[in-house]
Amino acid sequence: MTAQEVRLCGLLLQEHFGDVVEKVGTHLIRSGVLTLRALAHETKLPLDLVKKSLCVLMQHGMCAFGAGRRGPAGPVEYHIICERILHMLRYPRYIYTAKSLYGDTGELIVEEILQRGQMTMSSTVKTVADRLTHNMPEGQSMDYSEVVSAFSRLVETHFLQRCPPLASAESSSSGEVNTPLPAVTKHTEPEDHPECYKLPYINLTGQGKRRRSSEDGEAEQRAAKKAKTDNSERGDEGIYWQVNFQRFHLHFRDQAIINAVSCKLDQTSGEIVRTMLRMSEVTTSAHAAFTQALSANEIFRALPSSYNIARPILDQYLTLLVDDPMEFVGKTGDSGGGMYVVNLHRALANLARATLESVVQERFGSRSARIFRLLLRKRHLEQKQVEDFAMVPAKEAKDMLYTLLSENLVQLQEIPKTPDYAPSRTFYLYTVNQLPTARLLLQRCYKTVGNLIERRLYETKENKRLLEKSQRIEAILASLQATGAEAEQLTEVEEMITAPERQQLESLRHHINKLDSSENQVDETIFLLESYINSTQAPR
């Protein structure tokens with residue numbers, strides 16, 4: 001873990017779970033593996049608070065435990081799963097994707113599970129149905145069966161999956177007293193278990209209920225306690241579900257490839273690639289370099305009828321995609337009208353390359369981007385060759401190359417003619433190594449997101465009094481509207497915020513929205529670079 005990743009993880013933990021969990025999580029990241037006692041001693045926090053913090057982290061899949069260095073008989077040790085913490089940066093994107101694919105019901109299901117880490121199917125269905133009913137007009141309500149249907153579709157498309165069972169729980173329930181704790185320091189993947197996408201039968205009928213008034217707070221607490229015992233009656237006791245982040249990431253990757261093809265060629269080419277990706281999404285593994293081979297006949301039959309593409313036109317489009325220099329689509333055979341694959345790793349490399357070029361162009365100008373692009377294409381060039389090929393004056397080319405070199409975006413390789421490395425008898429070649437440059441840019445992106453989060457937290461803290469006043473007035477207005485108050489009363493309450501305060505609020509909301517939007521845009525770059533780096537490490 002680099003310093004920028006540790007800082008970003010700390011900011012995300014603090015924002016979502018508070019200072020105590022942030023302190024425990026950050027200390028675990030820096031220390032690696034610790035026992036409960038050691039963690040409490042080193043953080044100087046009460047043992048009870050450390051336990052609760054670890055429970056929160058484990059509930060969200062951000063912490064794992066297992067047998068320590070002394071073996072199964074020794075104390076349990078805990079370690080942090082950092083990539084899960086960084087996934088919190090992408091929560092708004094997961095929720096928006098669920099909304100675009102499965103509507104409001106899918107959005108609320110994913111939102112609830114992300115907020116709580118893991119939930120049973122019955123409690124998720126009930127909570128979502130209640131929330132949807134509360135937002136419906138009086139007299140209407142959301143049926144449980146509709147929410148169950150949306151939940152089932154999310155599981156069928158692998159966006160939700162069962163949490164992996166804990167071996168320690170099984171061994172302790174078997175009645176054996178001296179069963180040693182299993183060594184589960186290695187994080188087990190849900191896909192390793194055969195029933196990770198199997199839906200349980202739940203006995204749940206009825207409709208969502210509206211939220212009660214604040215007077216019934218005690219009754220709500222009693223209902224929440226009762227709900228814990230209801231899971232056994234509903235048939236899904238102990239079966240918890242979590243969001244499958246990897247499936248969302250595959251969807252984001254596919255969308256990036258489709259958008260790139262659509263921008264480079266046209267919408268029809270993008271739709272053909274979308275069809276190929278959709279047909280092979282279940283049969284292709286997450287780390288595969290290519291999708292499963294598909295014949296032109298299969299692609300033709302699977303295309304949406306609304307596009308009305310004739311077979312000869314499809315063949316021409318496939319030939320165009322295969323011949324394109326980006327090499328997003330490849331041809332592997334001639335049977336069935338031709339066998340075609342989507343080259344996933346090549347696509348990610350090209351997307352990462354376009355991102356690097358864009359960054360250089362925005363920071364250093366179009367001429368520097370021309371030199372950078374030239375070095376990516378030609379691999380190794382001397383300074384004189386760069387000047388000639390890029391058609392840039394010698395003085396400007398030298399300045400640009402040295403600027404890129406000082407930023408570590410370009411590397412200088414020395415090739416001596418003689419063993420003494422004499423400057424007069426040495427070739428100095430400029431080159432760009434795409435993978436190290438992508439890693440460098442990724443760290444800068446982490447730093448940028450950390451700065452954006454810190455700025456947003458600072459803005460919120462500075463205007464805390466004004467925001468609290470605005471929330472109180474909005475709550476008063478909502479209660480008055482619910483009781484049917486007159487327009488004069490509502491106007492009188494609204495005037496409690498003065499015109500300068502209202503203007504300050506508008507300015508603050510504009511700044512916060514801008515910061516949020518910037519975070520999401522930088523996260524898109526982070527996702528592309530992470531996907532490219534991971535694809536280079538995957539087994540071929």
# chains A, B, ... in the order shown; residues from 1 in each chain; ligands from 1
>>> residues_around(residues="segment 323-330 of chain A", least_positions_apart="5", cutoff="7 Å", atoms="only C-alpha atoms", output="list in words")
Tyr340, Val341, Val342, Asn343, Arg346, Ala347 and Asn350 of chain A
>>> write_last_selection(atoms="N, CA and C atoms", output="short mmCIF file (atom, residue, chain, number, x, y, z; two decimals), in the first residue's frame")
data_model
loop_
_atom_site.label_atom_id
_atom_site.label_comp_id
_atom_site.auth_asym_id
_atom_site.auth_seq_id
_atom_site.Cartn_x
_atom_site.Cartn_y
_atom_site.Cartn_z
N TYR A 340 -15.55 -14.78 -34.08
CA TYR A 340 -15.05 -13.48 -33.62
C TYR A 340 -14.99 -13.44 -32.09
N VAL A 341 -14.00 -12.69 -31.58
CA VAL A 341 -13.86 -12.50 -30.13
C VAL A 341 -13.63 -11.01 -29.86
N VAL A 342 -13.93 -10.58 -28.64
CA VAL A 342 -13.57 -9.23 -28.19
C VAL A 342 -12.27 -9.35 -27.41
N ASN A 343 -11.25 -8.62 -27.83
CA ASN A 343 -9.94 -8.67 -27.18
C ASN A 343 -9.96 -7.72 -25.98
N ARG A 346 -6.47 -6.12 -24.78
CA ARG A 346 -6.02 -5.12 -25.76
C ARG A 346 -6.88 -3.86 -25.66
N ALA A 347 -8.19 -4.05 -25.45
CA ALA A 347 -9.10 -2.91 -25.31
C ALA A 347 -8.74 -2.07 -24.09
N ASN A 350 -5.58 -0.06 -24.73
CA ASN A 350 -5.84 1.10 -25.59
C ASN A 350 -6.58 2.21 -24.85
#
>>> atom_distance(atom1="atom CA of Lys398 of chain A", atom2="atom CA of Lys384 of chain A")
9.3 Å
>>> closest_residue(among="A:Val243, A:Cys263, A:Ile81, A:Met119", to="Leu160 of chain A", atoms="only C-alpha atoms")
A:Val243
>>> residues_around(residues="segment 467-482 of chain A", least_positions_apart="4", cutoff="7 Å", atoms="only C-alpha atoms", output="list in words")
Asn463, Leu490 and Val493 of chain A
>>> write_last_selection(atoms="all heavy atoms", output="compact mmCIF listing (two decimals), in the first residue's frame")
# COMPACT_ATOMS: atom_id res chain seq x y z
N ASN A 463 -19.48 25.42 7.20
CA ASN A 463 -20.86 25.91 7.09
C ASN A 463 -21.84 25.01 7.86
O ASN A 463 -23.01 24.91 7.50
CB ASN A 463 -21.28 25.98 5.62
CG ASN A 463 -20.44 26.95 4.83
OD1 ASN A 463 -20.71 28.15 4.81
ND2 ASN A 463 -19.39 26.45 4.18
N LEU A 490 -46.45 28.74 6.09
CA LEU A 490 -45.29 28.20 5.36
C LEU A 490 -44.34 29.31 4.94
O LEU A 490 -43.11 29.18 5.06
CB LEU A 490 -45.76 27.42 4.13
CG LEU A 490 -46.61 26.16 4.39
CD1 LEU A 490 -47.11 25.57 3.09
CD2 LEU A 490 -45.82 25.12 5.15
N VAL A 493 -42.31 30.58 7.89
CA VAL A 493 -41.21 29.68 8.26
C VAL A 493 -40.06 29.80 7.25
O VAL A 493 -38.89 29.83 7.63
CB VAL A 493 -41.71 28.21 8.34
CG1 VAL A 493 -40.54 27.26 8.54
CG2 VAL A 493 -42.71 28.05 9.47
>>> select_by_dssp(residues="segment 259-468 of chain A", states="strand (DSSP E)", output="count of residues only")
23
>>> atom_distance(atom1="atom CA of Ala352 of chain A", atom2="atom CA of Thr437 of chain A")
10.0 Å
>>> closest_residue(among="A:Arg37, A:Arg253, A:Lys99, A:Arg509", to="Val76 of chain A", atoms="only C-alpha atoms")
A:Arg37
>>> closest_residue(among="A:Thr483, A:Gln207, A:Asn244, A:Gln503", to="Leu154 of chain A", atoms="only C-alpha atoms")
A:Asn244
>>> closest_residue(among="A:Lys44, A:Lys464, A:His158, A:Arg90", to="Val522 of chain A", atoms="only C-alpha atoms")
A:Arg90
